[in-house]
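J.: Provided herewith: start_13.cif, mmCIF, C-alpha atoms.
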data_upload
loop_
_atom_site.group_PDB
_atom_site.id
_atom_site.type_symbol
_atom_site.label_atom_id
_atom_site.label_comp_id
_atom_site.auth_asym_id
_atom_site.auth_seq_id
_atom_site.Cartn_x
_atom_site.Cartn_y
_atom_site.Cartn_z
ATOM 1 C CA MET A 1 82.553 -34.290 -24.140
ATOM 2 C CA GLU A 2 79.132 -32.865 -23.275
ATOM 3 C CA GLU A 3 80.116 -29.502 -24.765
ATOM 4 C CA LYS A 4 81.015 -31.187 -28.032
ATOM 5 C CA LYS A 5 77.633 -32.964 -28.178
ATOM 6 C CA SER A 6 75.703 -29.765 -27.428
ATOM 7 C CA SER A 7 77.556 -27.816 -30.117
ATOM 8 C CA GLU A 8 76.940 -30.607 -32.633
ATOM 9 C CA LEU A 9 73.282 -30.666 -31.627
ATOM 10 C CA LYS A 10 73.001 -26.914 -32.151
ATOM 11 C CA LYS A 11 74.499 -27.256 -35.644
ATOM 12 C CA ILE A 12 72.008 -29.936 -36.559
ATOM 13 C CA GLN A 13 68.991 -28.107 -35.148
ATOM 14 C CA SER A 14 69.718 -24.719 -36.664
ATOM 15 C CA PRO A 15 67.705 -24.271 -39.855
ATOM 16 C CA SER A 16 69.544 -23.365 -43.008
ATOM 17 C CA VAL A 17 67.881 -20.280 -44.407
ATOM 18 C CA ILE A 18 68.949 -18.922 -47.751
ATOM 19 C CA SER A 19 68.635 -15.170 -47.841
ATOM 20 C CA LEU A 20 68.692 -12.905 -50.849
ATOM 21 C CA GLN A 21 72.008 -11.517 -49.615
ATOM 22 C CA GLN A 22 73.667 -14.893 -50.140
ATOM 23 C CA GLY A 23 72.683 -14.903 -53.788
ATOM 24 C CA LYS A 24 69.794 -15.655 -56.028
ATOM 25 C CA ILE A 25 69.206 -19.295 -56.752
ATOM 26 C CA PRO A 26 67.522 -20.507 -59.953
ATOM 27 C CA PRO A 27 64.859 -21.238 -60.963
ATOM 28 C CA GLN A 28 63.475 -17.766 -61.217
ATOM 29 C CA ALA A 29 59.883 -16.939 -61.995
ATOM 30 C CA LEU A 30 60.343 -14.108 -64.463
ATOM 31 C CA ASN A 31 56.738 -14.393 -65.636
ATOM 32 C CA LEU A 32 55.607 -14.001 -62.012
ATOM 33 C CA GLU A 33 57.795 -10.901 -61.643
ATOM 34 C CA GLU A 34 56.194 -9.477 -64.778
ATOM 35 C CA ALA A 35 52.719 -10.278 -63.449
ATOM 36 C CA VAL A 36 53.424 -8.486 -60.158
ATOM 37 C CA LEU A 37 54.792 -5.402 -61.926
ATOM 38 C CA GLY A 38 51.894 -5.436 -64.391
ATOM 39 C CA ALA A 39 49.354 -5.613 -61.574
ATOM 40 C CA MET A 40 51.062 -2.681 -59.890
ATOM 41 C CA LEU A 41 50.809 -0.638 -63.091
ATOM 42 C CA ILE A 42 47.173 -1.513 -63.710
ATOM 43 C CA ASP A 43 45.659 -1.189 -60.263
ATOM 44 C CA LYS A 44 46.574 1.077 -57.350
ATOM 45 C CA LYS A 45 45.312 -1.595 -54.975
ATOM 46 C CA GLY A 46 48.043 -3.878 -56.330
ATOM 47 C CA VAL A 47 50.665 -1.324 -55.318
ATOM 48 C CA ASP A 48 49.230 -1.018 -51.821
ATOM 49 C CA GLU A 49 49.274 -4.796 -51.407
ATOM 50 C CA VAL A 50 52.867 -5.342 -52.555
ATOM 51 C CA ILE A 51 54.850 -2.218 -51.698
ATOM 52 C CA ASP A 52 55.433 -3.175 -48.040
ATOM 53 C CA ILE A 53 56.240 -6.811 -48.806
ATOM 54 C CA LEU A 54 58.748 -6.667 -51.662
ATOM 55 C CA GLN A 55 62.132 -5.037 -52.051
ATOM 56 C CA PRO A 56 63.891 -4.373 -55.368
ATOM 57 C CA GLU A 57 66.331 -7.174 -54.546
ATOM 58 C CA ALA A 58 63.453 -9.678 -54.589
ATOM 59 C CA PHE A 59 63.375 -9.415 -58.383
ATOM 60 C CA TYR A 60 65.861 -11.578 -60.257
ATOM 61 C CA LYS A 61 65.951 -9.587 -63.492
ATOM 62 C CA THR A 62 67.730 -6.234 -63.213
ATOM 63 C CA ALA A 63 65.176 -4.543 -65.473
ATOM 64 C CA HIS A 64 62.417 -5.602 -63.096
ATOM 65 C CA GLN A 65 64.385 -4.182 -60.171
ATOM 66 C CA TYR A 66 64.631 -0.828 -61.959
ATOM 67 C CA ILE A 67 60.898 -0.816 -62.716
ATOM 68 C CA PHE A 68 60.038 -1.645 -59.099
ATOM 69 C CA GLU A 69 62.376 1.105 -57.849
ATOM 70 C CA ALA A 70 60.650 3.613 -60.153
ATOM 71 C CA ILE A 71 57.237 2.510 -58.876
ATOM 72 C CA LEU A 72 58.469 2.761 -55.287
ATOM 73 C CA THR A 73 59.817 6.280 -55.870
ATOM 74 C CA LEU A 74 56.530 7.388 -57.434
ATOM 75 C CA PHE A 75 54.555 5.805 -54.593
ATOM 76 C CA GLU A 76 56.644 7.521 -51.918
ATOM 77 C CA SER A 77 56.196 10.899 -53.597
ATOM 78 C CA THR A 78 52.425 10.258 -53.959
ATOM 79 C CA ASN A 79 52.539 10.515 -57.744
ATOM 80 C CA PRO A 80 50.224 8.424 -59.898
ATOM 81 C CA ILE A 81 51.591 5.053 -60.949
ATOM 82 C CA ASP A 82 50.900 4.025 -64.516
ATOM 83 C CA LEU A 83 52.810 3.091 -67.633
ATOM 84 C CA LEU A 84 53.412 6.714 -68.622
ATOM 85 C CA THR A 85 54.688 7.944 -65.239
ATOM 86 C CA VAL A 86 56.895 4.884 -64.688
ATOM 87 C CA SER A 87 58.454 5.094 -68.160
ATOM 88 C CA SER A 88 58.962 8.831 -67.686
ATOM 89 C CA SER A 89 60.678 8.210 -64.353
ATOM 90 C CA LEU A 90 62.911 5.547 -65.890
ATOM 91 C CA LYS A 91 63.779 7.866 -68.786
ATOM 92 C CA LYS A 92 64.685 10.627 -66.341
ATOM 93 C CA GLU A 93 67.016 8.232 -64.498
ATOM 94 C CA GLY A 94 68.594 7.081 -67.769
ATOM 95 C CA ARG A 95 67.444 3.491 -67.296
ATOM 96 C CA LEU A 96 64.708 3.242 -69.915
ATOM 97 C CA GLU A 97 67.039 2.275 -72.754
ATOM 98 C CA SER A 98 68.768 -0.421 -70.708
ATOM 99 C CA ILE A 99 65.418 -1.997 -69.841
ATOM 100 C CA GLY A 100 64.317 -2.252 -73.441
#
If you convert what's in this file into structure tokens, what do you get?
T.:
Amino acid sequence: MEEKKSSELKKIQSPSVISLQQGKIPPQALNLEEAVLGAMLIDKKGVDEVIDILQPEAFYKTAHQYIFEAILTLFESTNPIDLLTVSSSLKKEGRLESIG
């Protein structure tokens, strides 16, 4: 009987955390995603602030994931990050047309 109570207590006390692996739950903040990506393109300091915190999976829109991956690749190879280099990287990967 005590075992049953302790297992029930554990179930109640364990927090329910929703991870990105379990799925993305609306509402999404697409304008916030765009603001983060825009800041990364405008200012190198923005890239330094965000690159260790976010993963491509944190973005809801697939196009934003592709853009973040391109920025991440450029950052890791110490290339400059701006609109021209990111669009060139996306074009090279064949993703520019799908982004729009």
J.: Please, what distance in Å, to one decimal, runs between atom CA of A:Ile81 and atom CA of A:Tyr60?
T.: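 That distance, rounded to one decimal, is 21.9 Å.
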J.: Evaluate the PyMOL selection byres ((chain A and resi 47) around 12) against this structure - the residues, as a list of chain:residue names, please.
T.: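 With the shown file as input, the PyMOL selection byres ((chain A and resi 47) around 12) matches A:Val36, A:Leu37, A:Gly38, A:Ala39, A:Met40, A:Leu41, A:Ile42, A:Asp43, A:Lys44, A:Lys45, A:Gly46, A:Asp48, A:Glu49, A:Val50, A:Ile51, A:Asp52, A:Ile53, A:Leu54, A:Phe68, A:Ile71, A:Leu72, A:Thr73, A:Leu74, A:Phe75, A:Glu76, A:Thr78, A:Pro80, A:Ile81, A:Asp82.
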J.: Rounded to one decimal place, report the atom CA of A:Leu30-atom CA of A:Asn79 distance in Å.
T.: 26.7 Å
J.: How many Å separate atom CA of A:Arg95 from atom CA of A:Leu32?
T.: 21.8 Å
J.: For A:Ser87, find every residue with an atom within 9 Å (counting all atoms listed in the file), except residues of its own chain fewer than 6 positions away, and show them as a list in words.
T.: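 These residues fall inside the cut-off: Ile67, Ala70 and Leu96 of chain A.
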J.: What would the file look like if the residues just selected were written as a PDB file, in the frame of the given file with C-alpha atoms?
T.:
ATOM      1  CA  ILE A  67      60.898  -0.816 -62.716  1.00  0.00           C
ATOM      2  CA  ALA A  70      60.650   3.613 -60.153  1.00  0.00           C
ATOM      3  CA  LEU A  96      64.708   3.242 -69.915  1.00  0.00           C
TER       4      LEU A  96
END
J.: Starting from 3 Å padding per side, set up an axis-aligned box that covers all listed atoms of stretch 65-81 of chain A and hand over centre and edge lengths in Å, one decimal, as JSON.
T.:
{"center_x": 57.4, "center_y": 3.4, "center_z": -57.3, "size_x": 20.4, "size_y": 21.1, "size_z": 16.8}
J.: Give the answer as one residue: which of A:Val86, A:Glu69, A:His64, A:Asn31 has the shortest atom-to-atom distance to A:Ile99, using only C-alpha atoms?
T.: A:His64
J.: Might you pull out every residue within 12 Å of A:Gln28, with all atoms listed in the file counted and same-chain residues fewer than 6 positions away left off, and present them as a list of chain:residue names?
T.: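 Non-adjacent residues within range: A:Glu34, A:Ala58, A:Phe59, A:Tyr60, A:Lys61.
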J.: Take the residues just selected and output them with C-alpha atoms as a PDB file, in the frame of the given file.
T.:
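Result went into out.pdb, see below:
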ATOM      1  CA  GLU A  34      56.194  -9.477 -64.778  1.00  0.00           C
ATOM      2  CA  ALA A  58      63.453  -9.678 -54.589  1.00  0.00           C
ATOM      3  CA  PHE A  59      63.375  -9.415 -58.383  1.00  0.00           C
ATOM      4  CA  TYR A  60      65.861 -11.578 -60.257  1.00  0.00           C
ATOM      5  CA  LYS A  61      65.951  -9.587 -63.492  1.00  0.00           C
TER       6      LYS A  61
END
J.: Using the atoms already present, construct N, CA, C and O atoms for stretch 52-73 of chain A and hand them back as a PDB file, keeping the file's coordinate frame.
T.:
ATOM      1  N   ASP A  52      54.827  -2.930 -49.355  1.00  0.00           N
ATOM      2  CA  ASP A  52      55.433  -3.175 -48.040  1.00  0.00           C
ATOM      3  C   ASP A  52      56.072  -4.557 -47.935  1.00  0.00           C
ATOM      4  O   ASP A  52      56.827  -4.811 -46.996  1.00  0.00           O
ATOM      5  N   ILE A  53      55.761  -5.428 -48.871  1.00  0.00           N
ATOM      6  CA  ILE A  53      56.240  -6.811 -48.806  1.00  0.00           C
ATOM      7  C   ILE A  53      57.538  -7.004 -49.583  1.00  0.00           C
ATOM      8  O   ILE A  53      58.453  -7.663 -49.112  1.00  0.00           O
ATOM      9  N   LEU A  54      57.606  -6.432 -50.775  1.00  0.00           N
ATOM     10  CA  LEU A  54      58.748  -6.667 -51.662  1.00  0.00           C
ATOM     11  C   LEU A  54      59.805  -5.581 -51.565  1.00  0.00           C
ATOM     12  O   LEU A  54      59.517  -4.443 -51.206  1.00  0.00           O
ATOM     13  N   GLN A  55      60.999  -5.949 -51.911  1.00  0.00           N
ATOM     14  CA  GLN A  55      62.132  -5.037 -52.051  1.00  0.00           C
ATOM     15  C   GLN A  55      62.648  -5.200 -53.482  1.00  0.00           C
ATOM     16  O   GLN A  55      62.426  -6.241 -54.092  1.00  0.00           O
ATOM     17  N   PRO A  56      63.356  -4.212 -54.015  1.00  0.00           N
ATOM     18  CA  PRO A  56      63.891  -4.373 -55.368  1.00  0.00           C
ATOM     19  C   PRO A  56      64.761  -5.617 -55.530  1.00  0.00           C
ATOM     20  O   PRO A  56      64.774  -6.250 -56.582  1.00  0.00           O
ATOM     21  N   GLU A  57      65.450  -6.021 -54.477  1.00  0.00           N
ATOM     22  CA  GLU A  57      66.331  -7.174 -54.546  1.00  0.00           C
ATOM     23  C   GLU A  57      65.559  -8.489 -54.682  1.00  0.00           C
ATOM     24  O   GLU A  57      66.158  -9.521 -54.977  1.00  0.00           O
ATOM     25  N   ALA A  58      64.262  -8.462 -54.456  1.00  0.00           N
ATOM     26  CA  ALA A  58      63.453  -9.678 -54.589  1.00  0.00           C
ATOM     27  C   ALA A  58      63.268 -10.075 -56.050  1.00  0.00           C
ATOM     28  O   ALA A  58      62.934 -11.214 -56.342  1.00  0.00           O
ATOM     29  N   PHE A  59      63.514  -9.137 -56.958  1.00  0.00           N
ATOM     30  CA  PHE A  59      63.375  -9.415 -58.383  1.00  0.00           C
ATOM     31  C   PHE A  59      64.706  -9.917 -58.933  1.00  0.00           C
ATOM     32  O   PHE A  59      65.755  -9.342 -58.668  1.00  0.00           O
ATOM     33  N   TYR A  60      64.644 -10.977 -59.707  1.00  0.00           N
ATOM     34  CA  TYR A  60      65.861 -11.578 -60.257  1.00  0.00           C
ATOM     35  C   TYR A  60      66.412 -10.748 -61.413  1.00  0.00           C
ATOM     36  O   TYR A  60      67.589 -10.490 -61.494  1.00  0.00           O
ATOM     37  N   LYS A  61      65.535 -10.332 -62.303  1.00  0.00           N
ATOM     38  CA  LYS A  61      65.951  -9.587 -63.492  1.00  0.00           C
ATOM     39  C   LYS A  61      66.198  -8.119 -63.131  1.00  0.00           C
ATOM     40  O   LYS A  61      65.372  -7.472 -62.484  1.00  0.00           O
ATOM     41  N   THR A  62      67.342  -7.613 -63.538  1.00  0.00           N
ATOM     42  CA  THR A  62      67.730  -6.234 -63.213  1.00  0.00           C
ATOM     43  C   THR A  62      66.714  -5.223 -63.730  1.00  0.00           C
ATOM     44  O   THR A  62      66.399  -4.248 -63.044  1.00  0.00           O
ATOM     45  N   ALA A  63      66.175  -5.458 -64.916  1.00  0.00           N
ATOM     46  CA  ALA A  63      65.176  -4.543 -65.473  1.00  0.00           C
ATOM     47  C   ALA A  63      63.949  -4.467 -64.569  1.00  0.00           C
ATOM     48  O   ALA A  63      63.386  -3.386 -64.360  1.00  0.00           O
ATOM     49  N   HIS A  64      63.574  -5.586 -64.007  1.00  0.00           N
ATOM     50  CA  HIS A  64      62.417  -5.602 -63.096  1.00  0.00           C
ATOM     51  C   HIS A  64      62.736  -4.846 -61.807  1.00  0.00           C
ATOM     52  O   HIS A  64      61.861  -4.188 -61.237  1.00  0.00           O
ATOM     53  N   GLN A  65      63.974  -4.941 -61.356  1.00  0.00           N
ATOM     54  CA  GLN A  65      64.385  -4.182 -60.171  1.00  0.00           C
ATOM     55  C   GLN A  65      64.260  -2.689 -60.427  1.00  0.00           C
ATOM     56  O   GLN A  65      63.756  -1.948 -59.581  1.00  0.00           O
ATOM     57  N   TYR A  66      64.710  -2.249 -61.605  1.00  0.00           N
ATOM     58  CA  TYR A  66      64.631  -0.828 -61.959  1.00  0.00           C
ATOM     59  C   TYR A  66      63.176  -0.362 -62.024  1.00  0.00           C
ATOM     60  O   TYR A  66      62.842   0.729 -61.552  1.00  0.00           O
ATOM     61  N   ILE A  67      62.311  -1.179 -62.606  1.00  0.00           N
ATOM     62  CA  ILE A  67      60.898  -0.816 -62.716  1.00  0.00           C
ATOM     63  C   ILE A  67      60.281  -0.718 -61.327  1.00  0.00           C
ATOM     64  O   ILE A  67      59.556   0.240 -61.018  1.00  0.00           O
ATOM     65  N   PHE A  68      60.582  -1.682 -60.460  1.00  0.00           N
ATOM     66  CA  PHE A  68      60.038  -1.645 -59.099  1.00  0.00           C
ATOM     67  C   PHE A  68      60.552  -0.419 -58.347  1.00  0.00           C
ATOM     68  O   PHE A  68      59.796   0.228 -57.624  1.00  0.00           O
ATOM     69  N   GLU A  69      61.825  -0.083 -58.506  1.00  0.00           N
ATOM     70  CA  GLU A  69      62.376   1.105 -57.849  1.00  0.00           C
ATOM     71  C   GLU A  69      61.667   2.368 -58.324  1.00  0.00           C
ATOM     72  O   GLU A  69      61.389   3.268 -57.523  1.00  0.00           O
ATOM     73  N   ALA A  70      61.368   2.448 -59.621  1.00  0.00           N
ATOM     74  CA  ALA A  70      60.650   3.613 -60.153  1.00  0.00           C
ATOM     75  C   ALA A  70      59.244   3.689 -59.563  1.00  0.00           C
ATOM     76  O   ALA A  70      58.779   4.764 -59.171  1.00  0.00           O
ATOM     77  N   ILE A  71      58.573   2.543 -59.469  1.00  0.00           N
ATOM     78  CA  ILE A  71      57.237   2.510 -58.876  1.00  0.00           C
ATOM     79  C   ILE A  71      57.308   2.921 -57.407  1.00  0.00           C
ATOM     80  O   ILE A  71      56.478   3.696 -56.928  1.00  0.00           O
ATOM     81  N   LEU A  72      58.290   2.426 -56.703  1.00  0.00           N
ATOM     82  CA  LEU A  72      58.469   2.761 -55.287  1.00  0.00           C
ATOM     83  C   LEU A  72      58.703   4.260 -55.101  1.00  0.00           C
ATOM     84  O   LEU A  72      58.108   4.886 -54.220  1.00  0.00           O
ATOM     85  N   THR A  73      59.541   4.845 -55.936  1.00  0.00           N
ATOM     86  CA  THR A  73      59.817   6.280 -55.870  1.00  0.00           C
ATOM     87  C   THR A  73      58.542   7.088 -56.124  1.00  0.00           C
ATOM     88  O   THR A  73      58.260   8.056 -55.407  1.00  0.00           O
TER      89      THR A  73
END
